[in-house]
file protein.tsv (TSV, C-alpha atoms)
chain	number	residue	atom	x	y	z
M	1128	SER	CA	0.00	0.00	0.00
M	1129	ILE	CA	1.31	3.43	-0.98
M	1130	THR	CA	-1.49	5.52	0.49
M	1131	ALA	CA	-4.63	4.50	2.40
M	1132	VAL	CA	-7.66	6.44	3.70
M	1133	THR	CA	-10.87	5.47	5.51
M	1134	VAL	CA	-14.07	7.43	4.75
M	1135	SER	CA	-17.03	7.26	7.16
M	1136	ALA	CA	-20.61	6.84	5.96
M	1137	GLY	CA	-21.95	9.88	4.16
M	1138	MET	CA	-18.61	11.68	4.29
M	1139	GLN	CA	-16.07	12.93	1.73
M	1140	LYS	CA	-12.31	13.06	2.22
M	1141	ASP	CA	-9.37	14.20	0.12
M	1142	THR	CA	-5.95	12.68	0.46
M	1143	ALA	CA	-2.64	13.39	-1.25
M	1144	MET	CA	-0.72	10.36	-2.40
M	1145	LYS	CA	3.00	9.94	-2.08
M	1146	LYS	CA	5.11	10.91	-5.05
M	1147	LEU	CA	4.51	8.49	-7.95
M	1148	LYS	CA	6.91	7.54	-10.67
M	1149	ALA	CA	6.23	8.72	-14.21
M	1150	ASN	CA	4.89	6.30	-16.83
M	1151	SER	CA	4.14	3.59	-14.23
M	1152	THR	CA	0.94	1.62	-13.56
M	1153	TYR	CA	-0.68	1.79	-10.12
M	1154	TYR	CA	-3.85	0.20	-8.74
M	1155	ILE	CA	-6.68	1.50	-6.55
M	1156	LYS	CA	-8.50	-0.89	-4.23
M	1157	VAL	CA	-11.87	0.03	-2.68
M	1158	SER	CA	-13.18	-2.24	0.11
M	1159	GLY	CA	-16.16	-2.10	2.48
M	1160	THR	CA	-16.71	-3.21	6.07
M	1161	PRO	CA	-16.75	-7.06	6.23
M	1162	SER	CA	-19.73	-7.10	8.65
M	1163	LYS	CA	-21.96	-5.09	6.27
M	1164	THR	CA	-23.91	-7.10	3.66
M	1165	GLU	CA	-25.79	-4.30	1.87
M	1166	ASP	CA	-24.42	-2.59	-1.21
M	1167	VAL	CA	-22.50	0.64	-0.63
M	1168	GLN	CA	-22.41	3.33	-3.26
M	1169	TYR	CA	-19.23	5.37	-3.63
M	1170	ALA	CA	-17.49	7.68	-6.07
M	1171	PHE	CA	-13.92	8.93	-6.38
M	1172	THR	CA	-11.80	11.06	-8.66
M	1173	LEU	CA	-8.06	10.90	-9.30
M	1174	ASN	CA	-6.40	14.23	-10.08
M	1175	ALA	CA	-2.78	14.89	-10.95
M	1176	ILE	CA	-1.29	17.55	-8.70
M	1177	LEU	CA	0.91	20.00	-10.56
M	1178	ASP	CA	4.30	20.38	-8.90
M	1179	ASP	CA	5.52	23.98	-8.53
M	1180	ALA	CA	9.20	23.00	-8.65
M	1181	GLY	CA	11.22	20.06	-9.91
M	1182	ASN	CA	12.10	17.07	-7.75
M	1183	THR	CA	15.76	16.90	-8.85
M	1184	PRO	CA	18.52	19.43	-9.66
M	1185	GLU	CA	18.04	18.56	-13.34
M	1186	THR	CA	14.40	19.72	-13.21
M	1187	ALA	CA	14.99	22.63	-10.82
M	1188	LEU	CA	12.93	25.79	-11.26
M	1189	PRO	CA	15.16	28.82	-12.03
M	1190	ILE	CA	14.66	31.75	-9.64
M	1191	ALA	CA	16.08	35.24	-9.19
M	1192	THR	CA	18.05	36.33	-6.14
M	1193	ASN	CA	16.72	38.99	-3.73
M	1194	THR	CA	13.16	37.91	-4.63
M	1195	VAL	CA	10.65	36.11	-2.38
M	1196	VAL	CA	9.81	32.67	-3.81
M	1197	LYS	CA	6.55	31.02	-2.68
M	1198	GLY	CA	6.30	27.26	-2.93
M	1199	SER	CA	4.43	24.28	-1.58
M	1200	HIS	CA	4.88	20.58	-1.00
M	1201	GLU	CA	1.86	19.15	-2.79
M	1202	ALA	CA	2.17	15.52	-1.76
M	1203	SER	CA	3.81	13.30	0.80
M	1204	GLY	CA	7.46	12.76	-0.11
M	1205	ASP	CA	7.62	15.83	-2.36
M	1206	VAL	CA	11.03	17.55	-2.55
M	1207	ASP	CA	11.38	20.87	-4.35
M	1208	PHE	CA	14.50	22.05	-6.19
M	1209	TYR	CA	15.25	25.57	-7.42
M	1210	SER	CA	18.32	26.97	-9.17
M	1211	PHE	CA	19.95	30.40	-9.04
M	1212	THR	CA	23.11	31.94	-10.47
M	1213	THR	CA	25.39	34.10	-8.35
M	1214	GLY	CA	26.59	37.52	-9.32
M	1215	ILE	CA	29.61	38.40	-7.18
M	1216	GLU	CA	31.62	35.99	-5.09
M	1217	GLY	CA	30.64	36.07	-1.43
M	1218	VAL	CA	28.49	34.77	1.40
M	1219	TYR	CA	24.79	34.70	0.52
M	1220	THR	CA	21.96	34.83	3.07
M	1221	LEU	CA	19.14	32.26	2.90
M	1222	GLU	CA	15.83	33.36	4.50
M	1223	PHE	CA	13.19	30.64	4.95
M	1224	LYS	CA	9.57	30.77	6.21
M	1225	ASN	CA	7.68	27.58	7.11
M	1226	SER	CA	3.87	27.96	7.12
M	1227	THR	CA	3.05	24.36	8.10
M	1228	SER	CA	2.69	22.70	11.50
M	1229	ARG	CA	5.85	20.59	11.17
M	1230	ASN	CA	9.53	21.32	10.56
M	1231	LYS	CA	10.84	21.97	7.07
M	1232	SER	CA	14.47	22.19	5.93
M	1233	ILE	CA	16.14	24.19	3.17
M	1234	SER	CA	19.71	23.97	1.91
M	1235	ILE	CA	22.03	25.16	-0.87
M	1236	CYS	CA	23.68	22.35	-2.82
M	1237	ASP	CA	25.56	21.58	-6.01
M	1238	ALA	CA	24.20	19.85	-9.11
M	1239	SER	CA	24.85	16.41	-7.61
M	1240	ASP	CA	22.83	17.23	-4.44
M	1241	LYS	CA	25.75	15.83	-2.45
M	1242	LYS	CA	27.77	18.90	-1.48
M	1243	SER	CA	26.07	21.35	0.86
M	1244	PHE	CA	26.88	25.06	1.03
M	1245	GLY	CA	24.70	25.78	4.06
M	1246	GLY	CA	21.11	25.37	5.19
M	1247	VAL	CA	18.61	25.74	8.02
M	1248	THR	CA	15.55	24.04	9.51
M	1249	ALA	CA	12.51	26.16	10.32
M	1250	THR	CA	10.15	24.87	12.97
M	1251	ALA	CA	6.36	25.13	12.53
M	1252	GLY	CA	5.25	28.64	11.65
M	1253	THR	CA	8.69	30.28	11.99
M	1254	THR	CA	11.12	32.20	9.77
M	1255	LYS	CA	14.84	31.40	9.93
M	1256	GLN	CA	17.99	32.79	8.31
M	1257	CYS	CA	21.39	31.25	7.64
M	1258	GLU	CA	24.53	32.25	5.80
M	1259	SER	CA	26.03	30.17	3.05
M	1260	LYS	CA	29.60	29.12	2.66
M	1261	MET	CA	31.63	31.25	0.24
M	1262	LEU	CA	29.96	30.96	-3.18
M	1263	GLU	CA	31.85	31.56	-6.40
M	1264	ALA	CA	30.91	34.31	-8.81
M	1265	ASN	CA	28.75	33.60	-11.90
M	1266	THR	CA	28.04	30.02	-10.80
M	1267	THR	CA	24.76	28.07	-10.67
M	1268	TYR	CA	23.73	26.61	-7.31
M	1269	TYR	CA	20.61	24.75	-6.22
M	1270	ILE	CA	18.06	25.15	-3.42
M	1271	ARG	CA	16.61	21.97	-1.90
M	1272	VAL	CA	13.44	22.28	0.19
M	1273	SER	CA	12.75	19.09	2.14
M	1274	GLN	CA	9.26	18.23	3.32
M	1275	GLY	CA	8.09	17.90	6.88
M	1276	GLU	CA	4.42	18.20	5.97
M	1277	VAL	CA	2.32	18.94	2.91
M	1278	GLY	CA	1.87	22.70	2.79
M	1279	ALA	CA	3.28	26.12	1.93
M	1280	TYR	CA	6.64	27.79	2.46
M	1281	GLU	CA	8.54	30.76	1.11
M	1282	PHE	CA	12.19	31.81	0.89
M	1283	ARG	CA	14.63	34.22	-0.73
M	1284	ILE	CA	18.34	34.30	-1.50
M	1285	ILE	CA	19.88	37.63	-0.48
M	1286	CYS	CA	22.97	38.69	-2.44
M	1287	PRO	CA	25.95	40.17	-0.60
M	1288	THR	CA	27.22	43.65	-1.40
M	1289	ASP	CA	30.95	44.20	-1.64
M	1290	ASP	CA	33.05	47.35	-2.06
M	1291	CYS	CA	36.02	45.51	-3.60
M	1292	GLY	CA	37.08	42.02	-4.62
M	1293	ASN	CA	37.91	39.04	-2.45
M	1294	LYS	CA	40.97	38.10	-4.52
M	1295	ALA	CA	44.08	39.91	-5.67
M	1296	GLU	CA	42.80	39.70	-9.25
M	1297	GLN	CA	39.71	41.69	-8.20
M	1298	ALA	CA	41.51	44.22	-5.98
M	1299	GLY	CA	40.30	47.78	-5.67
M	1300	GLU	CA	42.73	50.49	-6.75
M	1301	LEU	CA	44.31	52.80	-4.15
M	1302	THR	CA	45.46	56.25	-5.23
M	1303	LEU	CA	48.74	57.29	-3.63
M	1304	GLY	CA	48.27	60.12	-1.15
M	1305	GLU	CA	44.48	59.70	-0.91
M	1306	LYS	CA	42.47	58.07	1.88
M	1307	THR	CA	40.18	55.27	0.68
M	1308	SER	CA	37.27	53.97	2.77
M	1309	GLY	CA	36.46	50.28	2.92
M	1310	LEU	CA	33.95	47.95	4.55
M	1311	ILE	CA	33.95	44.33	5.62
M	1312	ASP	CA	30.43	44.03	4.23
M	1313	TYR	CA	29.46	40.56	5.39
M	1314	LYS	CA	30.78	37.81	7.62
M	1315	LYS	CA	33.81	36.09	6.04
M	1316	ASP	CA	34.33	39.02	3.66
M	1317	VAL	CA	37.92	39.71	2.58
M	1318	ASP	CA	38.92	42.96	0.85
M	1319	TYR	CA	41.90	43.26	-1.50
M	1320	TRP	CA	43.42	46.62	-2.43
M	1321	THR	CA	46.34	47.37	-4.71
M	1322	PHE	CA	48.68	50.27	-5.44
M	1323	THR	CA	51.72	50.83	-7.64
M	1324	THR	CA	54.78	52.66	-6.39
M	1325	GLY	CA	56.37	55.51	-8.29
M	1326	GLU	CA	60.08	56.20	-8.58
M	1327	GLU	CA	60.27	56.78	-4.83
M	1328	THR	CA	61.06	53.90	-2.49
M	1329	ASP	CA	59.83	55.08	0.94
M	1330	TYR	CA	56.13	54.80	1.78
M	1331	LYS	CA	53.87	55.17	4.78
M	1332	ILE	CA	50.77	52.98	5.07
M	1333	THR	CA	48.06	54.13	7.46
M	1334	VAL	CA	45.07	51.93	8.35
M	1335	GLU	CA	42.25	53.39	10.46
M	1336	ASN	CA	39.83	50.91	12.03
M	1337	SER	CA	36.63	52.76	12.97
M	1338	SER	CA	34.64	49.61	13.77
M	1339	ASN	CA	33.96	47.76	17.02
M	1340	ALA	CA	35.95	44.65	16.09
M	1341	ALA	CA	39.61	43.98	15.31
M	1342	LEU	CA	40.86	43.86	11.71
M	1343	THR	CA	43.71	41.86	10.22
M	1344	VAL	CA	45.88	43.47	7.53
M	1345	ARG	CA	48.42	41.61	5.39
M	1346	PHE	CA	50.78	42.94	2.74
M	1347	PHE	CA	51.80	41.11	-0.45
M	1348	ASP	CA	53.75	41.74	-3.61
M	1349	ALA	CA	52.47	40.90	-7.09
M	1350	ALA	CA	53.73	37.32	-6.75
M	1351	LYS	CA	51.46	36.98	-3.67
M	1352	ILE	CA	54.52	36.64	-1.44
M	1353	LYS	CA	53.87	37.99	2.03
M	1354	GLN	CA	56.01	41.04	2.75
M	1355	ARG	CA	57.59	42.27	5.97
M	1356	PHE	CA	54.88	44.21	7.78
M	1357	HIS	CA	55.28	45.14	11.41
M	1358	TYR	CA	51.62	44.72	12.30
M	1359	THR	CA	48.78	42.45	11.26
M	1360	GLY	CA	46.13	43.07	13.92
M	1361	ILE	CA	44.45	46.46	14.33
M	1362	SER	CA	42.32	46.81	17.45
M	1363	LYS	CA	38.83	48.26	17.29
M	1364	ASN	CA	38.59	52.04	16.97
M	1365	SER	CA	42.33	52.49	16.48
M	1366	LYS	CA	44.88	53.58	13.86
M	1367	LYS	CA	48.27	52.17	12.93
M	1368	GLU	CA	51.04	53.45	10.68
M	1369	THR	CA	53.92	51.56	9.17
M	1370	TYR	CA	56.85	52.68	7.03
M	1371	LEU	CA	58.16	50.44	4.26
M	1372	SER	CA	61.00	50.65	1.79
M	1373	LEU	CA	59.52	49.35	-1.48
M	1374	LYS	CA	60.73	48.74	-4.99
M	1375	PRO	CA	60.00	51.54	-7.47
M	1376	SER	CA	57.30	51.08	-10.14
M	1377	THR	CA	56.06	47.89	-8.49
M	1378	LYS	CA	52.53	46.67	-7.68
M	1379	TYR	CA	51.67	45.69	-4.11
M	1380	TYR	CA	48.53	44.37	-2.40
M	1381	LEU	CA	46.84	44.86	0.96
M	1382	GLU	CA	44.44	42.24	2.31
M	1383	VAL	CA	41.90	43.30	4.99
M	1384	SER	CA	39.83	40.75	6.90
M	1385	ALA	CA	38.14	40.16	10.26
M	1386	ASN	CA	36.91	37.35	12.47
M	1387	TYR	CA	34.21	35.39	10.62
M	1388	ARG	CA	31.61	36.37	13.23
M	1389	TYR	CA	31.63	40.07	12.33
M	1390	ASP	CA	30.34	42.15	9.45
M	1391	ASN	CA	29.73	45.81	8.55
M	1392	LEU	CA	33.20	46.84	9.77
M	1393	ALA	CA	34.38	50.23	8.46
M	1394	TYR	CA	38.00	51.17	7.88
M	1395	ALA	CA	40.16	53.50	5.79
M	1396	ILE	CA	43.55	53.05	4.08
M	1397	LYS	CA	46.06	55.65	2.95
M	1398	VAL	CA	49.34	54.93	1.16
M	1399	GLU	CA	51.62	57.92	0.70
M	1400	LYS	CA	55.14	58.67	-0.44
M	1401	VAL	CA	57.69	59.75	2.16
M	1402	ALA	CA	60.25	62.35	1.13
M	1403	ASP	CA	63.79	60.99	1.26
M	1404	ASP	CA	67.01	62.97	1.33
M	1405	TYR	CA	69.34	60.12	0.29
M	1406	LYS	CA	68.91	56.81	-1.50
M	1407	ASP	CA	67.84	53.67	0.38
M	1408	GLU	CA	70.10	51.28	-1.56
M	1409	TRP	CA	73.89	51.15	-1.55
M	1410	THR	CA	73.88	51.13	-5.34
M	1411	GLY	CA	72.52	54.68	-5.22
M	1412	ALA	CA	74.93	55.92	-2.53
M	1413	LYS	CA	75.92	59.58	-2.62
M	1414	ALA	CA	79.64	60.24	-3.13
M	1415	ILE	CA	81.13	62.39	-0.37
M	1416	GLU	CA	84.30	64.46	-0.08
M	1417	LEU	CA	86.89	64.82	2.67
M	1418	ASN	CA	86.45	67.44	5.38
M	1419	LYS	CA	82.88	68.28	4.40
M	1420	ILE	CA	79.82	68.07	6.66
M	1421	TYR	CA	76.73	66.24	5.39
M	1422	ASN	CA	73.34	66.67	7.04
M	1423	GLY	CA	70.52	64.17	6.76
M	1424	LYS	CA	67.50	62.64	8.44
M	1425	VAL	CA	66.53	59.01	8.96
M	1426	ALA	CA	62.79	59.51	8.64
M	1427	ASN	CA	61.51	56.09	9.72
M	1428	THR	CA	62.41	52.45	10.28
M	1429	ALA	CA	62.32	51.74	6.54
M	1430	ASP	CA	64.63	54.64	5.67
M	1431	ASN	CA	68.31	53.99	4.86
M	1432	ASP	CA	70.72	56.77	3.93
M	1433	TRP	CA	73.72	55.60	1.91
M	1434	PHE	CA	76.99	57.43	1.18
M	1435	LYS	CA	80.26	56.34	-0.41
M	1436	PHE	CA	83.90	57.42	-0.26
M	1437	THR	CA	86.91	56.34	-2.33
M	1438	PRO	CA	90.33	57.30	-0.83
M	1439	SER	CA	92.91	58.62	-3.26
M	1440	LYS	CA	95.70	57.13	-1.12
M	1441	GLU	CA	96.07	54.52	1.60
M	1442	GLY	CA	96.07	55.76	5.17
M	1443	LYS	CA	94.14	56.47	8.33
M	1444	TYR	CA	90.84	58.27	8.09
M	1445	GLU	CA	88.61	59.52	10.86
M	1446	PHE	CA	84.82	59.12	10.64
M	1447	SER	CA	82.61	61.11	13.00
M	1448	TYR	CA	78.92	61.99	13.29
M	1449	ASN	CA	76.51	63.67	15.66
M	1450	LYS	CA	74.52	60.68	16.77
M	1451	SER	CA	70.76	61.04	17.14
M	1452	THR	CA	68.78	58.67	19.33
M	1453	GLY	CA	68.51	55.25	17.68
M	1454	VAL	CA	70.48	56.12	14.52
M	1455	ARG	CA	73.22	53.67	13.56
M	1456	PHE	CA	76.32	54.35	11.43
M	1457	ASP	CA	77.81	51.29	9.67
M	1458	ILE	CA	80.71	51.08	7.19
M	1459	TYR	CA	80.80	48.52	4.36
M	1460	THR	CA	82.96	47.34	1.49
M	1461	LEU	CA	82.31	44.98	-1.40
M	1462	ASP	CA	83.66	41.41	-1.28
M	1463	LYS	CA	85.26	39.69	-4.27
M	1464	ASP	CA	81.82	38.63	-5.53
M	1465	GLY	CA	80.50	42.18	-5.47
M	1466	ASN	CA	78.32	41.71	-2.36
M	1467	ILE	CA	78.09	44.39	0.30
M	1468	LYS	CA	79.91	43.46	3.54
M	1469	ASN	CA	79.80	45.20	6.92
M	1470	ILE	CA	83.29	45.95	8.31
M	1471	SER	CA	82.65	48.36	11.18
M	1472	ARG	CA	80.08	50.22	13.28
M	1473	LEU	CA	80.72	53.77	14.37
M	1474	ASN	CA	79.82	55.23	17.76
M	1475	LYS	CA	80.29	59.01	17.25
M	1476	LYS	CA	83.95	58.77	16.14
M	1477	LYS	CA	86.29	56.13	14.76
M	1478	THR	CA	89.63	55.95	12.89
M	1479	LEU	CA	90.11	53.28	10.22
M	1480	THR	CA	92.93	52.37	7.85
M	1481	LEU	CA	91.57	52.48	4.31
M	1482	ASN	CA	92.99	51.18	1.04
M	1483	SER	CA	93.50	53.51	-1.88
M	1484	LYS	CA	91.03	53.43	-4.75
M	1485	GLU	CA	88.71	51.06	-2.83
M	1486	THR	CA	85.18	52.33	-2.33
M	1487	TYR	CA	83.74	52.34	1.18
M	1488	TYR	CA	80.04	52.65	1.85
M	1489	ILE	CA	78.33	54.32	4.81
M	1490	ARG	CA	74.81	53.42	5.92
M	1491	LEU	CA	72.75	55.41	8.43
M	1492	TYR	CA	69.56	53.80	9.65
M	1493	THR	CA	67.47	52.96	12.71
call {"tool": "encode", "arguments": {"input": "protein.tsv", "output": "structure tokens"}}
result
Amino acid sequence: SITAVTVSAGMQKDTAMKKLKANSTYYIKVSGTPSKTEDVQYAFTLNAILDDAGNTPETALPIATNTVVKGSHEASGDVDFYSFTTGIEGVYTLEFKNSTSRNKSISICDASDKKSFGGVTATAGTTKQCESKMLEANTTYYIRVSQGEVGAYEFRIICPTDDCGNKAEQAGELTLGEKTSGLIDYKKDVDYWTFTTGEETDYKITVENSSNAALTVRFFDAAKIKQRFHYTGISKNSKKETYLSLKPSTKYYLEVSANYRYDNLAYAIKVEKVADDYKDEWTGAKAIELNKIYNGKVANTADNDWFKFTPSKEGKYEFSYNKSTGVRFDIYTLDKDGNIKNISRLNKKKTLTLNSKETYYIRLYT
């Protein structure tokens, strides 16, 4: 027996059968009460119930996102499938209302109905929300509504909004010297930003976190190799600055994220050039002369000031400098392979014996 119903004398009753296979033969048996000997008149009709949505991903009903979809389980065992196509990559919100007196479940799945991307069960007469796993952009996914009882339900898929991409390839562009506002729009959102350096090599990166949750900031080059960055966590309602010595005419990336439990987190980023009096690399060292005073400023931890001196004759030479707090004075030469090699550190004043026609390099830094 697939479905059975008992109808009392003089009464009429409707019943919904379980889901039946297509193009198959079924039989209906009508029987009376064994103790009754008189004839009993009866009448019945068999009506096909139109299904509002397909019963498999292959027969799923296409729907639009951000639109309320009303559906119903028409028969016992009915399962409804819908399909939708994402716009942007992100976490989508699934809102589900159950109008029956028993629990119903809804989930997002792939075309095989085996991989789940999130779902929720709504108890009788309630509305529930859940967030999906990260869904890819421009991809078709499926909604599966499982029956608890014959009856109505409704749902909608709410698209995320995003101010910039979740991958380096989709990064938003930062303009040097200008503050750019950003937002962790939804839970699990990740924002990528990019900028390209000019001819200068010293830069200051300022990140302002105006939200009530901590942010994580990471710094990468174009090869997605993590760069030296002296902070990653930025506390709520705080600001941090960092100075970096970067390659000229090179693209870099900033990644901003937060704990997966938080959304709607506002922040701002500013990348700006820092004026430099001397070159940061020994290859660009400034040539200096004997008995001449040179003034300079080590602006930040990423700043290096390089000088060079080539003696015309061998002998003793005195190096001296007015030491500022935290500034170091190191002297280098090149080894036989052309690599820079530290030979001495100066503390205000030092006398060294130098070779003629050999170039010595001086580095001031913090």
call {"tool": "residues_around", "arguments": {"input": "protein.tsv", "residues": "Lys1413 (chain M)", "least_positions_apart": "2", "cutoff": "12 Å", "atoms": "only C-alpha atoms", "output": "MDAnalysis selection string"}}
result
chainID M and resid 1404:1411 1415:1416 1421 1423 1432:1437 1486:1490
call {"tool": "closest_atom_pairs", "arguments": {"input": "protein.tsv", "of": "region 1270-1323 of chain M", "to": "region 1256-1266 of chain M", "cutoff": "10 Å", "atoms": "all atoms listed in the file", "output": "tab-separated table"}}
result
residue	atom	partner	partner_atom	distance
M:Phe1282	CA	M:Gln1256	CA	9.5
M:Arg1283	CA	M:Gln1256	CA	9.7
M:Ile1284	CA	M:Glu1258	CA	9.8
M:Ile1285	CA	M:Glu1258	CA	9.5
M:Tyr1313	CA	M:Glu1258	CA	9.7
M:Lys1314	CA	M:Glu1258	CA	8.6
M:Lys1315	CA	M:Met1261	CA	7.9
M:Asp1316	CA	M:Met1261	CA	8.9
call {"tool": "write_last_selection", "arguments": {"input": "protein.tsv", "atoms": "C-alpha atoms", "output": "compact mmCIF listing (two decimals), in the frame of the given file"}}
result
# COMPACT_ATOMS: atom_id res chain seq x y z
CA PHE M 1282 12.19 31.81 0.89
CA ARG M 1283 14.63 34.22 -0.73
CA ILE M 1284 18.34 34.30 -1.50
CA ILE M 1285 19.88 37.63 -0.48
CA TYR M 1313 29.46 40.56 5.39
CA LYS M 1314 30.78 37.81 7.62
CA LYS M 1315 33.81 36.09 6.04
CA ASP M 1316 34.33 39.02 3.66
call {"tool": "residues_around", "arguments": {"input": "protein.tsv", "residues": "Asp1207 (chain M)", "least_positions_apart": "6", "cutoff": "7 Å", "atoms": "only C-alpha atoms", "output": "VMD selection string"}}
result
chain M and resid 1180 to 1182 1271 to 1273
call {"tool": "atom_distance", "arguments": {"input": "protein.tsv", "atom1": "CA of Ala1187 (chain M)", "atom2": "CA of Ser1210 (chain M)"}}
result
5.7 Å
call {"tool": "closest_residue", "arguments": {"input": "protein.tsv", "among": "M:Asp1329, M:Asp1178, M:Glu1276, M:Glu1300", "to": "Asn1230 (chain M)", "atoms": "all atoms listed in the file"}}
result
M:Glu1276
call {"tool": "closest_residue", "arguments": {"input": "protein.tsv", "among": "M:Asn1474, M:Ser1162, M:Ser1372, M:Thr1428", "to": "Arg1455 (chain M)", "atoms": "all atoms listed in the file"}}
result
M:Asn1474
call {"tool": "atom_distance", "arguments": {"input": "protein.tsv", "atom1": "CA of Tyr1154 (chain M)", "atom2": "CA of Gly1137 (chain M)"}}
result
24.2 Å
call {"tool": "atom_distance", "arguments": {"input": "protein.tsv", "atom1": "CA of Arg1472 (chain M)", "atom2": "CA of Lys1443 (chain M)"}}
result
16.2 Å
call {"tool": "residues_around", "arguments": {"input": "protein.tsv", "residues": "Lys1231 (chain M)", "least_positions_apart": "4", "cutoff": "12 Å", "atoms": "all atoms listed in the file", "output": "PyMOL selection string"}}
result
chain M and resi 1199-1200+1205-1207+1223-1227+1246-1255+1271-1282
call {"tool": "closest_residue", "arguments": {"input": "protein.tsv", "among": "M:Asp1390, M:Ser1365, M:Arg1345, M:Lys1331", "to": "Asn1427 (chain M)", "atoms": "all atoms listed in the file"}}
result
M:Lys1331
call {"tool": "closest_residue", "arguments": {"input": "protein.tsv", "among": "M:Leu1491, M:Leu1479, M:Cys1236, M:Ala1350", "to": "Tyr1448 (chain M)", "atoms": "all atoms listed in the file"}}
result
M:Leu1491
call {"tool": "residues_near_point", "arguments": {"input": "protein.tsv", "point": "(45.6, 49.7, 7.5)", "cutoff": "10 Å", "atoms": "only C-alpha atoms", "output": "list in words"}}
result
Ile1332, Thr1333, Val1334, Glu1335, Asn1336, Leu1342, Thr1343, Val1344, Arg1345, Phe1346, Tyr1358, Thr1359, Gly1360, Ile1361, Ser1365, Lys1366, Lys1367, Glu1368, Thr1369, Leu1381, Glu1382, Val1383, Tyr1394, Ala1395, Ile1396, Lys1397 and Val1398 of chain M
call {"tool": "write_last_selection", "arguments": {"input": "protein.tsv", "atoms": "C-alpha atoms", "output": "compact mmCIF listing (two decimals), in the frame of the given file"}}
result
# COMPACT_ATOMS: atom_id res chain seq x y z
CA ILE M 1332 50.77 52.98 5.07
CA THR M 1333 48.06 54.13 7.46
CA VAL M 1334 45.07 51.93 8.35
CA GLU M 1335 42.25 53.39 10.46
CA ASN M 1336 39.83 50.91 12.03
CA LEU M 1342 40.86 43.86 11.71
CA THR M 1343 43.71 41.86 10.22
CA VAL M 1344 45.88 43.47 7.53
CA ARG M 1345 48.42 41.61 5.39
CA PHE M 1346 50.78 42.94 2.74
CA TYR M 1358 51.62 44.72 12.30
CA THR M 1359 48.78 42.45 11.26
CA GLY M 1360 46.13 43.07 13.92
CA ILE M 1361 44.45 46.46 14.33
CA SER M 1365 42.33 52.49 16.48
CA LYS M 1366 44.88 53.58 13.86
CA LYS M 1367 48.27 52.17 12.93
CA GLU M 1368 51.04 53.45 10.68
CA THR M 1369 53.92 51.56 9.17
CA LEU M 1381 46.84 44.86 0.96
CA GLU M 1382 44.44 42.24 2.31
CA VAL M 1383 41.90 43.30 4.99
CA TYR M 1394 38.00 51.17 7.88
CA ALA M 1395 40.16 53.50 5.79
CA ILE M 1396 43.55 53.05 4.08
CA LYS M 1397 46.06 55.65 2.95
CA VAL M 1398 49.34 54.93 1.16
call {"tool": "closest_atom_pairs", "arguments": {"input": "protein.tsv", "of": "region 1155-1244 of chain M", "to": "region 1304-1312 of chain M", "cutoff": "12 Å", "atoms": "all atoms listed in the file", "output": "Markdown table"}}
result
| residue | atom | partner | partner_atom | distance |
| --- | --- | --- | --- | --- |
| M:Gly1217 | CA | M:Asp1312 | CA | 9.8 |
| M:Val1218 | CA | M:Asp1312 | CA | 9.9 |
| M:Tyr1219 | CA | M:Asp1312 | CA | 11.5 |
call {"tool": "axis_aligned_box", "arguments": {"input": "protein.tsv", "around": "region 1391-1405 of chain M", "padding_each_side": "3 Å", "output": "JSON"}}
result
{"center_x": 49.5, "center_y": 54.4, "center_z": 4.7, "size_x": 45.6, "size_y": 23.2, "size_z": 16.2}
call {"tool": "closest_residue", "arguments": {"input": "protein.tsv", "among": "M:Ile1215, M:Cys1286, M:Asp1464, M:Glu1185", "to": "Asp1237 (chain M)", "atoms": "all atoms listed in the file"}}
result
M:Glu1185
call {"tool": "residues_near_point", "arguments": {"input": "protein.tsv", "point": "(57.0, 62.0, 3.1)", "cutoff": "8 Å", "atoms": "all atoms listed in the file", "output": "ChimeraX atom specification"}}
result
/M:1329-1331,1399-1403
call {"tool": "write_last_selection", "arguments": {"input": "protein.tsv", "atoms": "C-alpha atoms", "output": "PDB file, keeping the file's coordinate frame"}}
result
ATOM      1  CA  ASP M1329      59.830  55.080   0.940  1.00  0.00           C
ATOM      2  CA  TYR M1330      56.130  54.800   1.780  1.00  0.00           C
ATOM      3  CA  LYS M1331      53.870  55.170   4.780  1.00  0.00           C
ATOM      4  CA  GLU M1399      51.620  57.920   0.700  1.00  0.00           C
ATOM      5  CA  LYS M1400      55.140  58.670  -0.440  1.00  0.00           C
ATOM      6  CA  VAL M1401      57.690  59.750   2.160  1.00  0.00           C
ATOM      7  CA  ALA M1402      60.250  62.350   1.130  1.00  0.00           C
ATOM      8  CA  ASP M1403      63.790  60.990   1.260  1.00  0.00           C
TER       9      ASP M1403
END
call {"tool": "closest_residue", "arguments": {"input": "protein.tsv", "among": "M:Ala1349, M:Leu1303, M:Ala1414, M:Ala1298", "to": "Lys1374 (chain M)", "atoms": "all atoms listed in the file"}}
result
M:Ala1349
